[in-house]
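Q: One structure coming up, written as structure tokens, with questions to follow.
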Amino acid sequence: MTISDADQAWLSAVVANHGRHATRLLQILRDVQDHFRHIPRPVMQLLAEQLGVPLAQVQGVTEFYSFLSTQPQGRYHLQLSDSISDHMLGSRALGTYLCDKLGVADGETRADGRVSFAYTSCSGLCDQGPAGLVNGWWLPKLDRSRIDRISALVEADVPLSQWPQDLFSARDNVRRPGLLLSNPVASGSALKWSLMRGLASTLDEVDKSGLRGRGGAGFQTSWKWRFCFEGPEETAVCPVEKGERMERYVVCNADEGEPGTFKDRVLLNSHAHQVFEGMTLCAGIVGAKQGFLYLRGEYLALRAKLEAVLAERRRLNLLGVGILGREGFDFDIEIHMGAGAYICGEESALIESLEGKRGTPRNRPPYPVTHGYLGRPTVVNNVETFVAAAAIALKGGVWFASHGTEKSKGSKILSICGDCARPGIYEYDFGVSIAQILKDCGAANTFGVQVGGPSGVFIGEQEFERRLGFEDLATGGSFMIFDKTRDVLEIVRNFTHFFAHESCGFCTPCRVGTSLLRNAMDKLCAGHGAAGDLVEIGNLGQFVRAASHCGLGQTAANPLLATLERFPELYQSRLKSISFEPGFDLDGELSTARRMTGRDDAHAHLEQESV
Amino acid sequence: MNIRNTITIDGTPVPFQDGDTIMDAATRAGIYIPHLCHNPEFKPHGSCKLCTVNVNGRNCSACTFPAADGQQVLNSTEELNATRRTITQMLFVEGNHFCPSCEKSGNCQLQGVAYFLNMLDPHFPLFYPERETDSSHPDILLDRDRCILCELCVRASREIDGKNVFGLSGRGIHTHLVVNADSGLLKDTDLTPADKAAQVCPVGAIIVKRHGFESPIGARQFDQQNVSEWSLSWEPAAMGDEHG
Ligand SMILES: Cc1cc2nc3c(=O)[nH]c(=O)nc-3n(C[C@H](O)[C@H](O)[C@H](O)COP(=O)(O)O)c2cc1C
Ligand code: SF4
Ligand code: SF4
Ligand code: FES
């Protein structure tokens with residue numbers, strides 16, 4: 001493929017728009033993917049020249065992110081979410097229906113180049129699945145009749161902008177507002193109050209509130225902000241100078257890739273001002289001039305709205321130079337889009353991605369809070385953390401801390417999906433029991449709950465009196481419910497596929513281990529498991545947990561280990577009554593030879609020996 | 001006992017210097033911690049995880065983790081060596097390592113480490129991946145079947161040769177080494193056999209052609225010394241000129 005003059009001009013304009021910064025490489029590649037429906041090799045070459053980075057780096061970034069491809073995709077690229085909740089709503093059968101209807105195969109582009117299809121990790125619409133994406137735009141609540149309509153639009157070549165809006169419209173589904181959702185902060189009010197009272201005392205309020213990060217790890221938010229303000233130890237010799245001179249960054253983690261988590265989607269859709277208000281307060285406190293919202297690629301539909309909110313805040317002088325008339329209080333926020341990589345939710349991988357690189361987690365220490373974006377002190381917080389911080393700035397730390405439990409103050413926003421009558425958003429004070437939540441969302445005949453998503457923990461009926469909180473069941477927000485008709489091994493198999501697909505590949509234990517786990521679960525579910533395999537898979541899970549570089553690998557075996565421990569009988573019931581079963585199908589391996597020799601008689605087949 | 005700037009490794013007090021990793025302190029003290037992606041001439045990388053040690057109860061990579069006063073490090077334990085053996089087995093099964101026909105055999109650190117850890121079989125099902133061999137360059141062969149993704153060639157080319165000939169691409173189990181040329185072929189780069197990148201590969205993935213069988217089997221590196229003796233024979237001295 002050669003690049004036409006017009007396309008070359010287009011590319012130069014895009015690169016110029018992005019200021020020719022290598023940190024914008026991923027953003028530029030997203031534009032290129034949109035324009036050409038793939039990343040052509042000659043474009044990689046041009047980008048390498050124009051940005052001054054090696055071609056191998058452009059290729060390395062391109063081939064890291066699932067939403068970028070080196071082979072042309074169709075003008076309509078359809079994706080179906082492969083999250084377990086979508087599976088349970090029949091997404092796989094729907095996918096087959098769609099492929100038949102459009103004459104396209106999974107992972108391929110139709111010969112006329114019009115349409116392509118692929119499965120993708122959770123698209124963040126688990127409360128309104130089966131869900132999909134077309135060219136990155138949400139397609140909630142899919143069923144056969146919607147697929148029929150979509151197919152007709154594709155075959156008639158109707159531009160996306162003219163598709164009926166109801167196909168795209170996702171709902172918030174807020175079912176139970178709590179401490180934060182019932183007390184929204186009017187835009188600017190927390191900032192005004194903080195500036196009046198002094199930003200230092202706002203940090204004291206955040207401290208008093210006991211707020212801990214809502215992204216999962218639960219680090220004390222006030223400490224993170226203070227460490228960022230203090231900066232790295234090596235510059236600690238002259239506190240005054242470093243306070244003024246060293247650049248700092250505030251990053252909002254809106255990667256929300258954990259399957260079953262979609263509460264940040266709702267916060268960004270309906271409370272964006274409050275998210276940005278929290279970020280701006282943080283910037284004032286730590287002394288940052290630049291902020292980023294790292295928005296997952298699956299949330300493309302939110303982007304325009306978020307840009308509009310940012311523009312409005314600039315107009316209101318809540319962003320920009322001299323915020324609310326305060327000299328020296330300068331801060332602005334840029335939106336960076338992800339491109340289909342769960343690992344970019346891990347804060348150091350996120351920062352690499354913000355810098356335009358492959359999203360591999362860094363070695364720690366040093367931590368992002370002292371050596372983050374471009375090596376500068378950087379706060380990375382979850383969307384909900386910033387929302388809570390803004391509310392705390394306005395209403396005070398005591399208000400927040402009077403809710404929740406001893407070690408888990410305040411509330412937690414949950415995204416609930418799976419087998420229940422009313423999936424959606426529920427906010428509870430910490431300390432609520434699982435049984436209460438199940439009752440509220442109308443779950444019946446419940447077998448178990450995956451708390452915190454695939455990387456969290458699977459609990460069974462005996463544990464429904466356990467409580468949400470850092471003391472017991474910590475969660476980033478995902479709450480997936482499974483009733484007694486579900487097959488636990490299939491659930492675990494789905495999760496192991498997810499982790500194998502999302503492993504970044506940097507470290508050996510996770511790169512190889514997650515694939516081995518996936519293969520082992522496939523073997524078990526296909527009915528080829530032997531007793532030895534259970535011991536083996538347990539050991540392998542323990543190993544991947546203990547030896548991996550980052551949180552992804554360290555949690556990838558959680559669903560397997562949790563269910564193996566709780567329901568060993570379910571695993572045993574799937575075994576063949578033998579001690580060893582080859583992982584490899586001898587007869588299957590001969591199929592090529594049979595095809596070549598045109599034989600298919602009994603003598604051309606092998607009886608598989610089982611020991 | 002808590003002398004300043006001292007850690008213990010398997011109970012033995014080991015002094016360290018400011019800025020040392022646990023690997024640095026161990027190497028200086030003549031203690032071998034198994035490693036593959038680490039090479040004292042380069043900045044620590046931390047990807048292979050062979051150097052996993054236990055520091056005050058937590059697993060860490062010795063090659064990247066900073067030494068700090070009073071750390072109690074476990075290194076040569078049965079459990080850690082079992083972890084390292086598993087990692088080595090994983091590296092074997094994810095690639096295609098046909099040692100008997102590989103000219104690096106006997107000089108290969110992956111093999112050396114496998115012997116050291118008493119690895120007797122690959123244990124896991126083999127992946128048999130399809131990987132491309134690049135024999136386009138007149139003097140240098142790139143056999144991706146044997147690549148363990150340690151990025152030493154990437155780092156050497158970037159940091160020492162100033163050429164950026166290599167990079168990693170893909171994700172997860174599909175991660176692979178790519179060559180920085182429009183054609184993707186080594187012949188279209190300025191890589192030469194004298195480059196550090198052409199010499200640094202710990203396995204037989206990057207090989208300078210026509211030198212393969214200069215020393216006969218039986219007289220090769222790890223026929224003479226095991227990998228721990230070999231490492232300690234040159235690495236403490238090489239630490240002086242650590243790059244960067
Ligand atoms: C594999 C992985 C994925 C993660 N994904 C997210 C995410 O999508 N959103 C998030 O806020 N934190 C995520 N985290 C946690 C972040 O690394 C980080 O702890 C968090 O953003 C800090 O913000 P907080 O203190 O406000 O929770 C992830 C961690 C790992 C290991
Ligand atoms: S644990 Fe997995 S995701 Fe994390 S660095 Fe290792 S390979 Fe990458
Ligand atoms: S070619 Fe050799 S040096 Fe380069 S990454 Fe592979 S194993 Fe490491
Ligand atoms: S030697 Fe430390 S991770 Fe490879």
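By order of appearance in the structure tokens: chains A, B, ..., then residues from 1 within every chain, and ligands from 1 in the order shown.
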Name all residues at most 9 Å from Pro193 (chain B) (count only C-alpha atoms; drop same-chain ones fewer than 3 positions away) and give them as a PDB file with all heavy atoms, in the first residue's frame.
A:
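Dumped to out.pdb:
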```pdb
ATOM      1  N   ASP B 139      26.196 -11.470   8.140  1.00  0.00           N
ATOM      2  CA  ASP B 139      27.066 -11.903   9.248  1.00  0.00           C
ATOM      3  C   ASP B 139      26.336 -12.314  10.505  1.00  0.00           C
ATOM      4  O   ASP B 139      26.959 -12.818  11.438  1.00  0.00           O
ATOM      5  CB  ASP B 139      28.044 -10.768   9.611  1.00  0.00           C
ATOM      6  CG  ASP B 139      28.879 -10.334   8.431  1.00  0.00           C
ATOM      7  OD1 ASP B 139      29.363 -11.242   7.717  1.00  0.00           O
ATOM      8  OD2 ASP B 139      29.010  -9.115   8.206  1.00  0.00           O
ATOM      9  N   ILE B 140      25.031 -12.012  10.570  1.00  0.00           N
ATOM     10  CA  ILE B 140      24.333 -12.237  11.843  1.00  0.00           C
ATOM     11  C   ILE B 140      23.006 -12.944  11.601  1.00  0.00           C
ATOM     12  O   ILE B 140      22.259 -12.587  10.690  1.00  0.00           O
ATOM     13  CB  ILE B 140      24.075 -10.885  12.563  1.00  0.00           C
ATOM     14  CG1 ILE B 140      25.420 -10.210  12.871  1.00  0.00           C
ATOM     15  CG2 ILE B 140      23.281 -11.084  13.860  1.00  0.00           C
ATOM     16  CD1 ILE B 140      25.343  -8.719  13.012  1.00  0.00           C
ATOM     17  N   LYS B 196      27.591  -4.352  20.347  1.00  0.00           N
ATOM     18  CA  LYS B 196      27.245  -5.011  21.603  1.00  0.00           C
ATOM     19  C   LYS B 196      25.963  -5.835  21.423  1.00  0.00           C
ATOM     20  O   LYS B 196      25.831  -6.932  21.958  1.00  0.00           O
ATOM     21  CB  LYS B 196      27.034  -3.950  22.682  1.00  0.00           C
ATOM     22  CG  LYS B 196      26.891  -4.510  24.071  1.00  0.00           C
ATOM     23  CD  LYS B 196      28.236  -4.958  24.623  1.00  0.00           C
ATOM     24  CE  LYS B 196      28.081  -5.535  26.036  1.00  0.00           C
ATOM     25  NZ  LYS B 196      29.339  -6.133  26.500  1.00  0.00           N
ATOM     26  N   ALA B 197      25.022  -5.292  20.648  1.00  0.00           N
ATOM     27  CA  ALA B 197      23.737  -5.970  20.465  1.00  0.00           C
ATOM     28  C   ALA B 197      23.907  -7.336  19.802  1.00  0.00           C
ATOM     29  O   ALA B 197      23.099  -8.233  20.002  1.00  0.00           O
ATOM     30  CB  ALA B 197      22.800  -5.111  19.632  1.00  0.00           C
ATOM     31  N   ALA B 198      24.963  -7.487  19.029  1.00  0.00           N
ATOM     32  CA  ALA B 198      25.166  -8.757  18.337  1.00  0.00           C
ATOM     33  C   ALA B 198      25.829  -9.785  19.248  1.00  0.00           C
ATOM     34  O   ALA B 198      25.891 -10.965  18.929  1.00  0.00           O
ATOM     35  CB  ALA B 198      26.016  -8.546  17.082  1.00  0.00           C
ATOM     36  N   GLN B 199      26.332  -9.308  20.378  1.00  0.00           N
ATOM     37  CA  GLN B 199      27.116 -10.210  21.231  1.00  0.00           C
ATOM     38  C   GLN B 199      26.462 -10.533  22.562  1.00  0.00           C
ATOM     39  O   GLN B 199      26.905 -11.423  23.276  1.00  0.00           O
ATOM     40  CB  GLN B 199      28.479  -9.544  21.517  1.00  0.00           C
ATOM     41  CG  GLN B 199      29.282  -9.305  20.272  1.00  0.00           C
ATOM     42  CD  GLN B 199      30.395  -8.285  20.505  1.00  0.00           C
ATOM     43  OE1 GLN B 199      30.581  -7.801  21.618  1.00  0.00           O
ATOM     44  NE2 GLN B 199      31.113  -7.972  19.450  1.00  0.00           N
ATOM     45  N   ILE B 207      23.123 -14.687  16.717  1.00  0.00           N
ATOM     46  CA  ILE B 207      24.368 -15.441  16.568  1.00  0.00           C
ATOM     47  C   ILE B 207      25.196 -14.833  15.446  1.00  0.00           C
ATOM     48  O   ILE B 207      24.652 -14.513  14.379  1.00  0.00           O
ATOM     49  CB  ILE B 207      24.018 -16.914  16.242  1.00  0.00           C
ATOM     50  CG1 ILE B 207      23.463 -17.565  17.502  1.00  0.00           C
ATOM     51  CG2 ILE B 207      25.182 -17.644  15.630  1.00  0.00           C
ATOM     52  CD1 ILE B 207      23.871 -18.961  17.713  1.00  0.00           C
ATOM     53  N   VAL B 208      26.468 -14.619  15.726  1.00  0.00           N
ATOM     54  CA  VAL B 208      27.355 -14.150  14.671  1.00  0.00           C
ATOM     55  C   VAL B 208      27.723 -15.373  13.827  1.00  0.00           C
ATOM     56  O   VAL B 208      28.158 -16.392  14.349  1.00  0.00           O
ATOM     57  CB  VAL B 208      28.601 -13.474  15.262  1.00  0.00           C
ATOM     58  CG1 VAL B 208      29.554 -13.057  14.144  1.00  0.00           C
ATOM     59  CG2 VAL B 208      28.184 -12.249  16.082  1.00  0.00           C
ATOM     60  N   LYS B 209      27.473 -15.260  12.549  1.00  0.00           N
ATOM     61  CA  LYS B 209      27.639 -16.419  11.665  1.00  0.00           C
ATOM     62  C   LYS B 209      29.117 -16.844  11.543  1.00  0.00           C
ATOM     63  O   LYS B 209      30.021 -16.045  11.731  1.00  0.00           O
ATOM     64  CB  LYS B 209      27.097 -16.097  10.264  1.00  0.00           C
ATOM     65  CG  LYS B 209      25.576 -15.927  10.212  1.00  0.00           C
ATOM     66  CD  LYS B 209      25.107 -15.595   8.787  1.00  0.00           C
ATOM     67  CE  LYS B 209      23.585 -15.440   8.749  1.00  0.00           C
ATOM     68  NZ  LYS B 209      23.117 -14.974   7.420  1.00  0.00           N
TER      69      LYS B 209
END
```
Q: Identify, counting only C-alpha atoms and all ligand atoms, the protein, DNA and RNA residues located within 12 Å of ligand 3, and give them as a PyMOL selection string.
A: (chain A and resi 506) or (chain B and resi 36-39+45+47-48+91-92+95+97+104+108-110+133-134+140-157+165-169+175-179+196-207)
Q: Residues within 8 Å of ligand 2 should be enumerated using only C-alpha atoms and all ligand atoms and returned as JSON, numbers by chain.
A: {"A": [343, 360, 361, 362, 502, 503, 504, 505, 506, 507, 508, 509, 510, 511, 548, 549, 550, 551, 552, 553, 554], "B": [47, 172]}
Q: Could you give me, as a PDB file with all heavy atoms, in the first residue's frame, the residues within 7 Å of Thr405 (chain A), counting only C-alpha atoms and dropping anything in the same chain fewer than 4 positions from it?
A:
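Printed below is selection-v2.pdb as written:
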```
ATOM      1  N   LYS A 409     -13.833   4.221  55.601  1.00  0.00           N
ATOM      2  CA  LYS A 409     -14.760   5.325  55.798  1.00  0.00           C
ATOM      3  C   LYS A 409     -15.544   5.598  54.519  1.00  0.00           C
ATOM      4  O   LYS A 409     -15.052   5.380  53.420  1.00  0.00           O
ATOM      5  CB  LYS A 409     -13.994   6.597  56.175  1.00  0.00           C
ATOM      6  CG  LYS A 409     -13.065   6.437  57.360  1.00  0.00           C
ATOM      7  CD  LYS A 409     -13.838   6.268  58.637  1.00  0.00           C
ATOM      8  CE  LYS A 409     -12.902   6.339  59.837  1.00  0.00           C
ATOM      9  NZ  LYS A 409     -13.534   5.724  61.014  1.00  0.00           N
ATOM     10  N   PHE A 430     -19.749   1.645  53.468  1.00  0.00           N
ATOM     11  CA  PHE A 430     -18.937   0.457  53.715  1.00  0.00           C
ATOM     12  C   PHE A 430     -19.469  -0.281  54.932  1.00  0.00           C
ATOM     13  O   PHE A 430     -19.980   0.336  55.873  1.00  0.00           O
ATOM     14  CB  PHE A 430     -17.474   0.840  53.968  1.00  0.00           C
ATOM     15  CG  PHE A 430     -16.654   0.904  52.713  1.00  0.00           C
ATOM     16  CD1 PHE A 430     -16.034   2.095  52.335  1.00  0.00           C
ATOM     17  CD2 PHE A 430     -16.479  -0.220  51.924  1.00  0.00           C
ATOM     18  CE1 PHE A 430     -15.266   2.151  51.179  1.00  0.00           C
ATOM     19  CE2 PHE A 430     -15.699  -0.159  50.768  1.00  0.00           C
ATOM     20  CZ  PHE A 430     -15.100   1.029  50.399  1.00  0.00           C
ATOM     21  N   GLY A 431     -19.343  -1.595  54.909  1.00  0.00           N
ATOM     22  CA  GLY A 431     -19.822  -2.384  56.031  1.00  0.00           C
ATOM     23  C   GLY A 431     -21.105  -3.130  55.698  1.00  0.00           C
ATOM     24  O   GLY A 431     -21.574  -3.956  56.484  1.00  0.00           O
TER      25      GLY A 431
END
```
Q: Which residue out of B:Thr8, B:Thr192, B:Gln17, B:Thr27 has the minimum interatomic distance to Trp234 (chain B) when only C-alpha atoms are used?
A: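 With only C-alpha atoms as the atom set, the closest residue is B:Thr27.
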Q: I need the chain A residues near chain B as an NGL selection string; criterion: at most 10 Å, counting only C-alpha atoms.
A: :A and (41-42 or 44-45 or 53-66 or 341 or 358-360 or 362-366 or 499-516 or 519-520 or 536 or 540 or 543-544 or 546-549 or 582-584)
Q: Determine, counting only C-alpha atoms, which protein, DNA and RNA residues have an atom within 8 Å of an atom of Ala389 (chain A); residues of the same chain fewer than 6 positions away are not included. Present the result as a list in words.
A: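 Counting only the stated atoms, we get Val206, Leu211 and Gly278 of chain A.
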Q: Which residues are near ligand 1 in this structure, taking near to mean any atom at most 8 Å from a ligand atom and counting only C-alpha atoms and all ligand atoms? Format them as a PyMOL selection string.
A: chain A and resi 212-221+224+252-258+342-348+380-386+476+550-553
Q: Going by DSSP on the backbone, which residues of region 114-181 of chain A come out as alpha helix (DSSP H)? List them as a PyMOL selection string.
A: chain A and resi 144-155
Q: Which distance in Å separates CA of Ser411 (chain A) and CA of Ile459 (chain A), to one decimal?
A: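 Taking CA of Ser411 (chain A) and CA of Ile459 (chain A), their separation equals 21.3 Å.
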Q: Pull the strand (DSSP E or B) assignments for region 30-119 of chain A out of DSSP run on the backbone, and list those residues as JSON, numbers by chain.
A: {"A": [76, 77, 78, 79, 80, 81, 106, 109, 115, 116, 117, 118, 119]}
Q: Please provide as a list in words all residues within 12 Å of Gln462 (chain A), with the sequence filter that same-chain residues fewer than 4 positions apart are discarded (counting only C-alpha atoms).
A: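 So the residues in contact are Ile434, Ala435, Thr446, Phe447, Gly448, Val449, Phe458, Arg466, Arg566 and Phe567 of chain A.
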Q: Point out the residue among B:Thr12, B:Thr21, B:Thr77, B:Gln111 with the least atom-to-atom distance to ligand 4, counting only C-alpha atoms and all ligand atoms.
A: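 Smallest separation from ligand 4 among the options: B:Thr21.
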Q: Which is closer to ligand 4 than all the others in B:Leu74, B:Ala62, B:Ile7, B:Ala26, using only C-alpha atoms and all ligand atoms?
A: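 Residue with the minimum atom-to-atom distance to ligand 4: B:Ala62.
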Q: Which residues, written as a VMD selection string, have at least one atom at most 8 Å from Ala391 (chain A), with only C-alpha atoms counted and residues fewer than 5 positions away on the same chain left out?
A: chain A and resid 180 183 to 185 190 396
Q: Could you save those same residues with N, CA and C atoms as a compact mmCIF listing (two decimals), in the first residue's frame?
A:
```
# COMPACT_ATOMS: atom_id res chain seq x y z
N LEU A 180 -22.54 9.77 48.19
CA LEU A 180 -22.02 10.66 47.15
C LEU A 180 -23.06 10.98 46.09
N ASN A 183 -25.60 13.47 47.15
CA ASN A 183 -25.10 14.79 47.53
C ASN A 183 -24.15 15.35 46.48
N PRO A 184 -24.63 15.56 45.27
CA PRO A 184 -23.72 16.04 44.23
C PRO A 184 -23.20 17.44 44.56
N VAL A 185 -21.97 17.69 44.09
CA VAL A 185 -21.33 18.98 44.35
C VAL A 185 -21.59 19.90 43.17
N ALA A 190 -17.00 23.49 45.57
CA ALA A 190 -15.95 22.95 46.44
C ALA A 190 -14.67 23.75 46.28
N GLY A 396 -16.68 18.46 54.34
CA GLY A 396 -15.81 18.20 55.47
C GLY A 396 -15.51 16.73 55.67
```
